[in-house]
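*Asks:* Questions regarding the structure given below will be posed in turn.
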Amino acid sequence: MPQATVHLLRHGEVHNPDGVLYGRLPEFHLSELGQEMARTLAEHFSRRAAGGARITYLAASPLDRAQETARPTSDALNLQIHTDERIIEAENYFEGMKVTRAELRRPKHWPRLVNPLRPSWGEPYKNQASRVMEAVQDARLRAIELAAGDFGTNGPEAIMVSHQLPIWATRLSAEGKPLWHDPRKRECTLTSITSLVFDDAGTLLRVQYSEPAASLLPGASSTPGA
């Protein structure tokens, strides 16, 4: 059986004029630039499909920004968007706040800052990697099922629209690296694609990374979701 690939796609830029850490809060939608990013990714996947890629399954986090990023690809490839809670943004104590150095110096927050390895301010990295990889494996099997053996020379592919931190924790885990990290050094830009390639037994063969919307990144907001 040809290799199967699951693409973890980070959502596009979010309209967030106050610069808060929006986390899992509702009503944080894509900005105009974010919508353009989503259309660019749809065009990218459409070109790949026209070239023979067998993209058969599309899923997204339940959060607005992920669903809106998935929509143009859904329309372009005529794929239903399956909502998967397991690829949602990480839980974070600072959700809804504007996280500045002055805010972090407030004593009430100090107990949440004692362990950056876990981290103490939010959902453990290992929990994020575990839930996302479970969803990835299910998406891999679903993509194979939906391809119904019609792979041609290309293995089936799935797309999952998620969020920077869960994607990055999953990549670190997949590559056997420590999960604690400097958030400023994550290689997971807006609408970037982290692709996990598996053999027919579901064993991870390699991780690939690409930025099809790189030309839209200059000037984009860098406020993380978590």
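Residue numbering restarts at 1 for every chain of the structure tokens, chains are lettered A, B, ... in their displayed order, and ligands are numbered from 1 as they appear.
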Find the nearest atom pair between each residue of stretch 64-132 of chain A and stretch 23-39 of chain A for residues within 8 Å, count only C-alpha atoms, give distances in Å to one decimal, sort rows by chain and ascending number, and present the table as CSV.
*Replies:*
residue,atom,partner,partner_atom,distance
A:Asp64,CA,A:His29,CA,5.7
A:Arg65,CA,A:His29,CA,5.0
A:Glu68,CA,A:Leu30,CA,6.9
A:Thr69,CA,A:Ala38,CA,4.9
A:Ala70,CA,A:Ala38,CA,7.1
A:Arg71,CA,A:Ala38,CA,7.9
A:Pro72,CA,A:Arg39,CA,5.7
A:Thr73,CA,A:Arg39,CA,7.4
A:Ile88,CA,A:Arg24,CA,7.7
A:Glu89,CA,A:Arg24,CA,6.0
A:Ala90,CA,A:Gly23,CA,6.9
A:Glu91,CA,A:Gly23,CA,6.8
A:Asn92,CA,A:Gly23,CA,6.7
A:Glu95,CA,A:Gly23,CA,5.3
A:Gly96,CA,A:Gly23,CA,7.3
*Asks:* Near A:Lys108, counting only C-alpha atoms, which residues have an atom at most 12 Å away, once you skip same-chain residues fewer than 4 positions from it, shown as a list in words?
*Replies:* Tyr93, Phe94, Glu103, Leu104, Arg112 and Leu113 of chain A
*Asks:* Going by DSSP on the backbone, which bits of stretch 24-222 of chain A are helix (DSSP H, G or I)? Write them as an MDAnalysis selection string, please.
*Replies:* chainID A and resid 32:50 64:77 85:87 101:104 107:113 125:147 164:174 183:185 214:216
*Asks:* As a PyMOL selection string, please: every residue in stretch 9-210 of chain A that a backbone DSSP assignment puts in strand (DSSP E or B).
*Replies:* chain A and resi 9-10+14+30+54-60+81-83+92+122+156-162+193-198+204-210
*Asks:* Kindly save the residues from that selection, with C-alpha atoms included, as a compact mmCIF listing (two decimals), in the first residue's frame.
*Replies:*
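Now in selection36.txt:
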# COMPACT_ATOMS: atom_id res chain seq x y z
CA LEU A 9 -2.41 22.83 8.88
CA ARG A 10 -2.24 25.81 11.19
CA VAL A 14 -6.96 36.02 13.43
CA LEU A 30 -10.00 35.15 10.62
CA ARG A 54 -5.46 11.69 -3.29
CA ILE A 55 -6.75 14.06 -0.58
CA THR A 56 -9.78 12.29 0.80
CA TYR A 57 -10.38 13.54 4.35
CA LEU A 58 -10.62 17.01 5.91
CA ALA A 59 -10.98 17.78 9.60
CA ALA A 60 -10.75 20.92 11.72
CA ILE A 81 -15.30 19.34 7.18
CA HIS A 82 -15.22 16.86 10.06
CA THR A 83 -14.93 18.58 13.44
CA ASN A 92 -4.11 28.07 28.97
CA GLY A 122 -1.62 25.25 30.79
CA PRO A 156 -4.11 8.81 0.49
CA GLU A 157 -3.87 12.12 2.33
CA ALA A 158 -5.79 13.86 5.09
CA ILE A 159 -5.80 17.51 6.14
CA MET A 160 -6.39 18.57 9.76
CA VAL A 161 -6.69 22.27 10.60
CA SER A 162 -5.36 22.89 14.09
CA ILE A 193 1.76 22.63 6.85
CA THR A 194 3.42 20.02 9.08
CA SER A 195 3.06 16.73 7.18
CA LEU A 196 3.34 13.34 8.90
CA VAL A 197 4.10 10.52 6.46
CA PHE A 198 3.27 6.96 7.53
CA LEU A 204 5.79 7.37 11.16
CA LEU A 205 8.42 7.55 8.43
CA ARG A 206 9.19 11.27 8.35
CA VAL A 207 7.98 14.78 9.09
CA GLN A 208 7.92 17.46 6.41
CA TYR A 209 7.26 21.18 6.75
CA SER A 210 6.18 23.79 4.21
*Asks:* Mind pulling up the distance from atom CA of A:Ala214 to atom CA of A:Pro17?
*Replies:* 22.1 Å
*Asks:* Rank A:Leu41, A:Glu175, A:His109, A:Gln164 by their smallest atom-to-atom distance to A:Ser215, using only C-alpha atoms, and report the top residue only.
*Replies:*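 Nearest to A:Ser215: A:Leu41.
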*Asks:* Would you mind reading off the distance between atom CA of A:Ala143 and atom CA of A:Gly12, one decimal, in Å?
*Replies:*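 Interatomic distance here is 23.8 Å.
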*Asks:* Just want the 10 Å neighbourhood of A:Pro178, counted on only C-alpha atoms, with same-chain residues fewer than 2 positions away dropped. Output as a ChimeraX atom specification.
*Replies:* /A:117,125-126,169,172-173,175-176,180-181
